[in-house]
$ cat entry.txt   # compact mmCIF, C-alpha atoms
# COMPACT_ATOMS: atom_id res chain seq x y z
CA MET A 815 -24.10 -11.16 7.56
CA THR A 816 -27.34 -10.30 5.77
CA GLU A 817 -29.24 -7.05 6.25
CA GLN A 818 -32.05 -9.01 7.92
CA GLU A 819 -29.65 -10.52 10.48
CA VAL A 820 -28.16 -7.08 11.20
CA ASN A 821 -31.64 -5.65 11.78
CA GLN A 822 -32.50 -8.53 14.09
CA LEU A 823 -29.44 -7.79 16.23
CA ILE A 824 -30.24 -4.07 16.38
CA ASN A 825 -33.82 -4.92 17.36
CA LYS A 826 -32.50 -7.06 20.21
CA ILE A 827 -30.44 -4.12 21.52
CA HIS A 828 -33.52 -1.89 21.31
CA GLY A 829 -35.39 -4.62 23.19
CA LEU A 830 -32.67 -4.56 25.85
CA LYS A 831 -33.12 -0.79 26.18
CA ALA A 832 -36.89 -1.25 26.51
CA GLU A 833 -36.42 -3.80 29.32
CA ILE A 834 -34.15 -1.38 31.23
CA GLN A 835 -36.71 1.41 30.77
CA LYS A 836 -39.37 -0.76 32.40
CA VAL A 837 -37.50 -0.12 35.67
CA ILE A 838 -35.43 3.03 35.11
CA VAL A 839 -37.39 6.26 34.63
CA GLY A 840 -35.69 8.86 32.43
CA GLN A 841 -31.87 8.73 32.17
CA GLU A 842 -32.17 7.92 28.43
CA LYS A 843 -28.79 9.45 27.62
CA VAL A 844 -27.14 7.37 30.35
CA ILE A 845 -28.86 4.17 29.16
CA ASP A 846 -27.72 4.86 25.59
CA GLU A 847 -24.13 5.38 26.77
CA LEU A 848 -24.28 2.14 28.76
CA LEU A 849 -25.56 0.22 25.72
CA ILE A 850 -22.94 1.80 23.42
CA CYS A 851 -20.22 0.66 25.82
CA PHE A 852 -21.84 -2.79 25.99
CA MET A 853 -21.91 -3.08 22.18
CA ALA A 854 -18.30 -1.89 21.86
CA GLY A 855 -17.11 -4.55 24.30
CA GLY A 856 -15.70 -2.15 26.90
CA HIS A 857 -16.08 -1.52 30.60
CA ALA A 858 -18.01 1.40 32.09
CA LEU A 859 -17.63 3.49 35.24
CA LEU A 860 -20.86 5.11 36.46
CA GLU A 861 -20.73 8.03 38.87
CA GLY A 862 -23.62 9.76 40.61
CA VAL A 863 -24.85 10.72 44.05
CA PRO A 864 -26.58 7.98 46.09
CA GLY A 865 -30.13 7.13 45.13
CA LEU A 866 -29.92 7.63 41.35
CA ALA A 867 -30.39 3.90 40.58
CA LYS A 868 -26.86 3.19 39.33
CA THR A 869 -26.86 -0.30 40.81
CA LEU A 870 -30.47 -0.96 39.77
CA MET A 871 -29.69 0.05 36.17
CA ILE A 872 -26.81 -2.40 35.90
CA ARG A 873 -28.71 -5.20 37.64
CA THR A 874 -31.66 -4.69 35.26
CA LEU A 875 -29.35 -4.83 32.24
CA ALA A 876 -27.88 -8.08 33.54
CA GLU A 877 -31.35 -9.59 34.06
CA ALA A 878 -32.24 -8.84 30.43
CA VAL A 879 -29.20 -10.74 29.12
CA HIS A 880 -28.75 -14.53 29.02
CA LEU A 881 -25.42 -14.38 30.89
CA PRO A 882 -24.12 -15.13 34.41
CA PHE A 883 -24.05 -12.00 36.60
CA LYS A 884 -22.21 -11.31 39.86
CA ARG A 885 -22.28 -8.31 42.16
CA ILE A 886 -19.17 -7.48 44.20
CA GLN A 887 -19.63 -4.99 47.03
CA PHE A 888 -16.27 -3.24 47.39
CA THR A 889 -15.32 -2.48 50.99
CA PRO A 890 -12.11 -1.33 52.74
CA ASP A 891 -11.36 -4.89 53.96
CA LEU A 892 -11.90 -6.62 50.59
CA MET A 893 -8.81 -8.60 49.49
CA PRO A 894 -7.76 -9.49 45.89
CA ALA A 895 -8.42 -13.20 46.51
CA ASP A 896 -12.00 -12.31 47.52
CA ILE A 897 -12.74 -11.38 43.91
CA THR A 898 -10.32 -13.48 41.84
CA GLY A 899 -10.56 -16.69 43.85
CA THR A 900 -8.13 -18.72 45.93
CA GLU A 901 -6.56 -22.17 46.22
CA VAL A 902 -7.86 -24.56 48.85
CA LEU A 903 -6.36 -27.85 50.01
CA GLU A 904 -8.58 -30.81 49.14
CA GLU A 905 -8.19 -34.56 49.44
CA ASP A 906 -8.52 -36.66 46.29
CA PRO A 907 -11.18 -39.32 47.09
CA ASN A 908 -9.50 -41.87 44.76
CA SER A 909 -5.83 -41.57 45.66
CA GLY A 910 -6.15 -40.05 49.11
CA LYS A 911 -3.56 -37.43 48.20
CA ARG A 912 -4.03 -33.82 49.15
CA ILE A 913 -4.03 -31.38 46.26
CA PHE A 914 -4.55 -27.67 45.83
CA LYS A 915 -7.66 -26.73 43.88
CA PHE A 916 -8.41 -23.23 42.57
CA ASN A 917 -11.85 -22.03 43.62
CA LYS A 918 -12.96 -19.33 41.22
CA GLY A 919 -14.11 -16.05 42.69
CA PRO A 920 -17.04 -13.83 41.63
CA LEU A 921 -14.91 -12.30 38.88
CA PHE A 922 -15.60 -15.45 36.85
CA ALA A 923 -18.91 -14.29 35.43
CA ASN A 924 -19.80 -12.47 32.22
CA ILE A 925 -21.27 -9.33 33.76
CA ILE A 926 -19.69 -7.94 36.92
CA LEU A 927 -21.15 -5.13 39.02
CA ALA A 928 -18.25 -3.60 40.95
CA ASP A 929 -20.29 -1.59 43.43
CA GLU A 930 -18.59 1.44 45.04
CA ILE A 931 -15.24 0.51 43.52
CA ASN A 932 -13.48 3.47 45.15
CA ARG A 933 -14.16 2.11 48.65
CA THR A 934 -11.56 -0.66 48.38
CA PRO A 935 -7.75 -0.25 48.67
CA PRO A 936 -5.49 0.02 45.58
CA LYS A 937 -4.23 -3.56 46.05
CA THR A 938 -7.72 -4.93 45.41
CA GLN A 939 -8.49 -2.38 42.70
CA ALA A 940 -5.33 -3.53 40.91
CA ALA A 941 -6.64 -7.11 40.87
CA LEU A 942 -9.19 -5.91 38.32
CA LEU A 943 -6.57 -4.49 35.93
CA GLU A 944 -5.50 -7.79 34.39
CA ALA A 945 -9.11 -8.97 34.12
CA MET A 946 -10.21 -5.72 32.42
CA GLN A 947 -7.37 -5.66 29.91
CA GLU A 948 -6.32 -9.28 29.37
CA TYR A 949 -9.61 -11.07 30.18
CA ALA A 950 -7.63 -13.39 32.45
CA VAL A 951 -6.71 -13.92 36.10
CA THR A 952 -3.30 -15.09 37.27
CA TYR A 953 -3.06 -16.96 40.58
CA GLY A 954 -0.18 -19.09 41.86
CA GLY A 955 1.64 -18.73 38.56
CA LYS A 956 -1.28 -20.15 36.58
CA ASN A 957 -3.36 -18.22 34.07
CA TYR A 958 -7.15 -18.61 34.11
CA GLN A 959 -9.05 -17.23 31.12
CA LEU A 960 -12.31 -15.36 31.64
CA GLU A 961 -15.24 -16.27 29.42
CA LYS A 962 -16.31 -13.70 26.82
CA PRO A 963 -18.29 -11.53 26.59
CA PHE A 964 -16.94 -9.97 29.78
CA PHE A 965 -18.07 -6.63 31.17
CA ILE A 966 -17.12 -4.80 34.34
CA LEU A 967 -19.63 -2.11 35.21
CA ALA A 968 -18.36 -0.16 38.21
CA THR A 969 -20.11 2.47 40.31
CA GLN A 970 -18.86 5.21 42.58
CA ASN A 971 -20.41 8.29 44.15
CA PRO A 972 -18.78 11.73 44.17
CA VAL A 973 -19.68 12.50 47.80
CA GLU A 974 -18.45 11.03 51.09
CA GLN A 975 -14.86 10.97 49.85
CA SER A 976 -13.44 10.28 53.33
CA GLY A 977 -12.43 6.65 53.56
CA THR A 978 -12.29 6.19 49.79
CA PHE A 979 -9.42 5.36 47.45
CA PRO A 980 -9.62 7.28 44.14
CA LEU A 981 -8.90 5.09 41.12
CA PRO A 982 -5.41 5.66 39.65
CA GLU A 983 -5.18 7.07 36.12
CA ALA A 984 -3.89 3.73 34.75
CA GLN A 985 -7.02 1.96 35.89
CA LEU A 986 -9.38 4.77 34.88
CA ASP A 987 -7.98 4.49 31.36
CA ARG A 988 -9.16 0.85 31.22
CA PHE A 989 -12.76 2.03 31.35
CA LEU A 990 -14.10 2.71 27.88
CA PHE A 991 -16.72 5.15 29.21
CA TYR A 992 -16.97 7.32 32.32
CA ILE A 993 -20.72 7.91 32.63
CA GLN A 994 -22.12 10.57 34.95
CA LEU A 995 -25.70 10.47 36.22
CA GLY A 996 -27.61 13.61 37.11
CA TYR A 997 -30.80 14.21 39.07
CA PRO A 998 -34.12 13.46 37.31
CA ASP A 999 -36.35 16.35 36.26
CA GLU A 1000 -39.56 17.10 38.19
CA GLN A 1001 -41.90 14.93 36.10
CA GLU A 1002 -39.46 11.99 36.07
CA GLU A 1003 -39.04 12.21 39.84
CA TYR A 1004 -42.83 12.25 40.29
CA THR A 1005 -43.09 9.10 38.14
CA ILE A 1006 -40.34 7.43 40.21
CA LEU A 1007 -42.15 8.23 43.45
CA GLU A 1008 -45.48 6.99 42.07
CA SER A 1009 -44.15 3.76 40.56
CA THR A 1010 -41.87 2.65 43.41
CA THR A 1011 -44.17 3.11 46.40
CA GLY A 1012 -46.91 0.69 45.40
CA ASN A 1013 -47.27 -3.07 44.96
CA LYS A 1014 -46.74 -3.19 41.19
CA GLN A 1015 -44.05 -5.71 40.22
CA VAL A 1016 -42.06 -5.42 36.99
CA THR A 1017 -40.83 -8.58 35.26
CA ILE A 1018 -37.63 -8.31 33.21
CA GLU A 1019 -37.42 -10.68 30.24
CA PRO A 1020 -34.03 -11.85 28.87
CA VAL A 1021 -33.90 -10.58 25.28
CA ILE A 1022 -30.31 -11.14 24.08
CA SER A 1023 -27.75 -13.94 24.43
CA GLY A 1024 -23.99 -13.97 24.91
CA GLU A 1025 -23.56 -15.29 21.35
CA ASP A 1026 -25.60 -12.36 20.01
CA ILE A 1027 -23.39 -9.90 21.91
CA LEU A 1028 -20.16 -11.39 20.51
CA VAL A 1029 -21.58 -11.16 16.97
CA LEU A 1030 -22.70 -7.60 17.70
CA GLN A 1031 -19.24 -6.60 18.92
CA LYS A 1032 -17.72 -7.90 15.69
CA LEU A 1033 -20.39 -6.10 13.68
CA VAL A 1034 -19.56 -2.81 15.44
CA ARG A 1035 -15.97 -3.06 14.21
CA ASP A 1036 -17.24 -3.63 10.65
CA VAL A 1037 -19.12 -0.31 10.60
CA PRO A 1038 -17.37 1.91 8.01
CA ILE A 1039 -15.97 5.28 9.00
CA ASN A 1040 -14.73 8.10 6.78
CA GLU A 1041 -11.05 9.08 6.89
CA SER A 1042 -12.04 12.65 7.76
CA LEU A 1043 -13.73 11.41 10.96
CA ILE A 1044 -10.64 9.38 11.93
CA THR A 1045 -8.64 12.58 11.42
CA LYS A 1046 -11.13 14.50 13.57
CA ALA A 1047 -10.84 11.99 16.42
CA ASN A 1048 -7.05 12.09 16.14
CA LYS A 1049 -7.03 15.89 16.28
CA MET A 1050 -9.33 15.89 19.32
CA VAL A 1051 -7.05 13.60 21.29
CA ARG A 1052 -3.88 15.43 20.30
CA ALA A 1053 -5.50 18.78 21.13
CA SER A 1054 -6.04 17.56 24.70
CA ARG A 1055 -2.28 17.51 25.32
CA PRO A 1056 -0.69 20.82 26.41
CA GLN A 1057 2.50 19.96 24.48
CA THR A 1058 0.75 19.73 21.09
CA SER A 1059 -2.45 21.73 21.61
CA ALA A 1060 -3.40 25.07 20.08
CA VAL A 1061 -6.39 25.39 22.44
CA SER A 1062 -5.65 28.05 25.06
CA GLU A 1063 -7.86 26.37 27.70
CA VAL A 1064 -5.84 23.17 27.38
CA LYS A 1065 -2.53 24.98 27.81
CA GLU A 1066 -3.85 26.82 30.86
CA TRP A 1067 -5.78 24.11 32.70
CA VAL A 1068 -4.48 20.66 31.63
CA GLN A 1069 -1.55 18.81 33.17
CA TRP A 1070 -1.74 15.65 31.05
CA GLY A 1071 -3.85 14.95 27.99
CA ALA A 1072 -5.46 11.78 26.67
CA GLY A 1073 -3.40 8.93 25.22
CA PRO A 1074 -3.91 6.96 21.99
CA ARG A 1075 -6.41 4.66 23.72
CA ALA A 1076 -8.81 7.63 23.82
CA GLY A 1077 -8.77 7.88 20.01
CA GLN A 1078 -9.45 4.17 19.70
CA ALA A 1079 -12.32 4.51 22.17
CA ILE A 1080 -13.86 7.46 20.29
CA LEU A 1081 -13.89 5.62 16.96
CA LEU A 1082 -15.12 2.30 18.37
CA THR A 1083 -17.93 3.81 20.44
CA ALA A 1084 -18.92 6.15 17.58
CA LYS A 1085 -19.41 3.04 15.44
CA ALA A 1086 -21.55 1.50 18.21
CA ALA A 1087 -23.55 4.73 18.51
CA ALA A 1088 -24.28 4.68 14.77
CA LEU A 1089 -25.41 1.05 14.95
CA LEU A 1090 -27.61 1.76 17.99
CA ASP A 1091 -29.26 4.48 15.90
CA GLY A 1092 -29.89 1.97 13.09
CA ARG A 1093 -27.17 3.31 10.77
CA PHE A 1094 -24.27 1.40 9.24
CA ALA A 1095 -22.09 4.50 8.85
CA VAL A 1096 -20.55 6.95 11.33
CA THR A 1097 -21.43 10.65 11.22
CA PRO A 1098 -19.81 13.66 12.97
CA LYS A 1099 -22.71 13.64 15.47
CA ASP A 1100 -21.69 10.15 16.60
CA ILE A 1101 -18.18 11.43 17.37
CA GLU A 1102 -19.65 14.34 19.36
CA LYS A 1103 -22.04 12.01 21.22
CA VAL A 1104 -19.25 9.83 22.63
CA ALA A 1105 -16.52 12.45 23.12
CA LEU A 1106 -17.42 13.46 26.69
CA PRO A 1107 -17.71 9.98 28.29
CA VAL A 1108 -14.51 8.91 26.49
CA MET A 1109 -12.38 11.96 27.38
CA ARG A 1110 -13.85 12.70 30.83
CA HIS A 1111 -11.44 10.45 32.74
CA ARG A 1112 -8.48 10.69 30.37
CA ILE A 1113 -7.67 14.37 30.84
CA LEU A 1114 -5.79 15.26 34.03
CA LEU A 1115 -6.35 18.85 35.14
CA ASN A 1116 -3.65 20.84 36.93
CA PHE A 1117 -3.93 22.31 40.42
CA LYS A 1118 -4.97 25.71 39.09
CA ALA A 1119 -7.93 24.16 37.23
CA GLU A 1120 -9.06 22.16 40.26
CA ALA A 1121 -8.81 25.24 42.48
CA SER A 1122 -10.91 27.17 39.95
CA GLY A 1123 -13.58 24.44 39.81
CA LYS A 1124 -12.92 23.50 36.19
CA HIS A 1125 -14.20 20.19 34.79
CA THR A 1126 -12.76 18.04 32.01
CA ASP A 1127 -16.08 18.25 30.13
CA GLU A 1128 -15.54 22.01 29.71
CA ILE A 1129 -12.09 21.36 28.24
CA THR A 1130 -13.41 18.69 25.84
CA LYS A 1131 -16.17 21.04 24.63
CA GLU A 1132 -13.59 23.77 23.96
CA ILE A 1133 -11.48 21.26 22.02
CA MET A 1134 -14.47 20.22 19.87
CA LYS A 1135 -15.39 23.87 19.29
CA SER A 1136 -11.82 24.71 18.25
CA ILE A 1137 -11.63 21.79 15.80
CA ALA A 1138 -15.07 22.64 14.33
CA ASN A 1139 -13.89 26.22 13.70
CA HIS A 1140 -10.80 25.07 11.86
CA THR A 1141 -12.39 22.50 9.56

$ encode --input "entry.txt" --output "structure tokens"
Amino acid sequence: MTEQEVNQLINKIHGLKAEIQKVIVGQEKVIDELLICFMAGGHALLEGVPGLAKTLMIRTLAEAVHLPFKRIQFTPDLMPADITGTEVLEEDPNSGKRIFKFNKGPLFANIILADEINRTPPKTQAALLEAMQEYAVTYGGKNYQLEKPFFILATQNPVEQSGTFPLPEAQLDRFLFYIQLGYPDEQEEYTILESTTGNKQVTIEPVISGEDILVLQKLVRDVPINESLITKANKMVRASRPQTSAVSEVKEWVQWGAGPRAGQAILLTAKAAALLDGRFAVTPKDIEKVALPVMRHRILLNFKAEASGKHTDEITKEIMKSIANHT
């Protein structure tokens, strides 16, 4: 791929960001994390209190991409077949015989918004596991491949936990990023109020195709990374495990640390972060930029930590500080 073609792809991603920012005020860090995940070919879990435009952000991203998009509203009565599809009995008009035909569910799209994913029972949550990891759905002993690129962008809110079903660690680990949204600052909130209470309509233009995204995902993997940064990512992940960590906070507060998938996620998303910034080489700042959303859901705190109000972000920051002091 020529330098000109690379620049064209990067410009398209910047155009995608600009389209999202037509609708979403502020939240630049969150938008960057969403785009990094998108470029790396992973799935993202977005968490924030109601009213922070999680759903709107994902819908706007989907509108700016030339790909089929489906929204699935997760509810307590949602069944696996409601998202994967089901077989129905039909009569063949030529032979008159009755045959079973598989009707594909909303999971057969390129971009999936799994809205309030923690409001549906584990049985339905588990139906997403195969799709997220294998890019396929199995029904009635038959395997149905999902078309690439394929992204699941799930939302959940941290309040109103009654009647919800927290995602199991195995499924959380399938998400490349765990993105947390905070409240806007005063000026951003003023702009939101001003821009959303009038008659002004914003038109979102599709700026990137599915073919472009597949090429971009391959390009991300081609971004070179120094051996010292691979070592740094490896040390970060290993330092999150109480059994092998020299970080006192990890030994005191962590029950289980991150697995090897976390190291893969750090390196892949660091490459995407470098490319988003217009660089074809990874720097230590790229590793630091992606560490929190990668590690956030892959470190399991013990009861003592939860009772003390500790957060995995605090642990990850202590790990990065410890590694920086010993290099």

$ residues_around --input "entry.txt" --residues "stretch 1009-1021 of chain A" --least-positions-apart "5" --cutoff "9 Å" --atoms "all atoms listed in the file" --output "MDAnalysis selection string"
chainID A and resid 826:827 829:830 833:834 836:837 874 876:880 1004

$ write_last_selection --input "entry.txt" --atoms "C-alpha atoms" --output "PDB file, in the coordinates of the input"
ATOM      1  CA  LYS A 826     -32.500  -7.060  20.210  1.00  0.00           C
ATOM      2  CA  ILE A 827     -30.440  -4.120  21.520  1.00  0.00           C
ATOM      3  CA  GLY A 829     -35.390  -4.620  23.190  1.00  0.00           C
ATOM      4  CA  LEU A 830     -32.670  -4.560  25.850  1.00  0.00           C
ATOM      5  CA  GLU A 833     -36.420  -3.800  29.320  1.00  0.00           C
ATOM      6  CA  ILE A 834     -34.150  -1.380  31.230  1.00  0.00           C
ATOM      7  CA  LYS A 836     -39.370  -0.760  32.400  1.00  0.00           C
ATOM      8  CA  VAL A 837     -37.500  -0.120  35.670  1.00  0.00           C
ATOM      9  CA  THR A 874     -31.660  -4.690  35.260  1.00  0.00           C
ATOM     10  CA  ALA A 876     -27.880  -8.080  33.540  1.00  0.00           C
ATOM     11  CA  GLU A 877     -31.350  -9.590  34.060  1.00  0.00           C
ATOM     12  CA  ALA A 878     -32.240  -8.840  30.430  1.00  0.00           C
ATOM     13  CA  VAL A 879     -29.200 -10.740  29.120  1.00  0.00           C
ATOM     14  CA  HIS A 880     -28.750 -14.530  29.020  1.00  0.00           C
ATOM     15  CA  TYR A1004     -42.830  12.250  40.290  1.00  0.00           C
TER      16      TYR A1004
END

$ atom_distance --input "entry.txt" --atom1 "atom CA of A:Ile993" --atom2 "atom CA of A:Glu1008"
26.5 Å

$ closest_atom_pairs --input "entry.txt" --of "stretch 1004-1049 of chain A" --to "stretch 943-967 of chain A" --cutoff "12 Å" --atoms "all atoms listed in the file" --output "Markdown table"
| residue | atom | partner | partner_atom | distance |
| --- | --- | --- | --- | --- |
| A:Ser1023 | CA | A:Pro963 | CA | 10.0 |
| A:Gly1024 | CA | A:Pro963 | CA | 6.4 |
| A:Glu1025 | CA | A:Pro963 | CA | 8.3 |
| A:Asp1026 | CA | A:Pro963 | CA | 9.9 |
| A:Ile1027 | CA | A:Pro963 | CA | 7.1 |
| A:Leu1028 | CA | A:Pro963 | CA | 6.4 |
| A:Val1029 | CA | A:Pro963 | CA | 10.2 |
| A:Leu1030 | CA | A:Pro963 | CA | 10.7 |
| A:Gln1031 | CA | A:Pro963 | CA | 9.2 |
| A:Lys1032 | CA | A:Pro963 | CA | 11.5 |

$ residues_around --input "entry.txt" --residues "stretch 912-924 of chain A" --least-positions-apart "2" --cutoff "8 Å" --atoms "only C-alpha atoms" --output "MDAnalysis selection string"
chainID A and resid 881:886 895:906 910 926 960:965

$ residues_around --input "entry.txt" --residues "stretch 983-991 of chain A" --least-positions-apart "2" --cutoff "6 Å" --atoms "all atoms listed in the file" --output "PyMOL selection string"
chain A and resi 856-858+993+1107-1108

$ atom_distance --input "entry.txt" --atom1 "atom CA of A:Arg1110" --atom2 "atom CA of A:Asp846"
16.8 Å

$ closest_residue --input "entry.txt" --among "A:Thr1130, A:Gln835, A:Asn1139, A:Gln1078" --to "A:Lys1103" --atoms "all atoms listed in the file"
A:Thr1130

$ atom_distance --input "entry.txt" --atom1 "atom CA of A:Glu817" --atom2 "atom CA of A:Ala1086"
16.6 Å

$ closest_residue --input "entry.txt" --among "A:Thr1097, A:Asn1048, A:Ser1059, A:Ser1136" --to "A:Pro1074" --atoms "all atoms listed in the file"
A:Asn1048

$ residues_around --input "entry.txt" --residues "A:Pro980" --least-positions-apart "2" --cutoff "7 Å" --atoms "all atoms listed in the file" --output "PyMOL selection string"
chain A and resi 932+978+982

$ closest_residue --input "entry.txt" --among "A:Pro998, A:Pro907, A:Pro935, A:Pro972" --to "A:Val844" --atoms "only C-alpha atoms"
A:Pro998
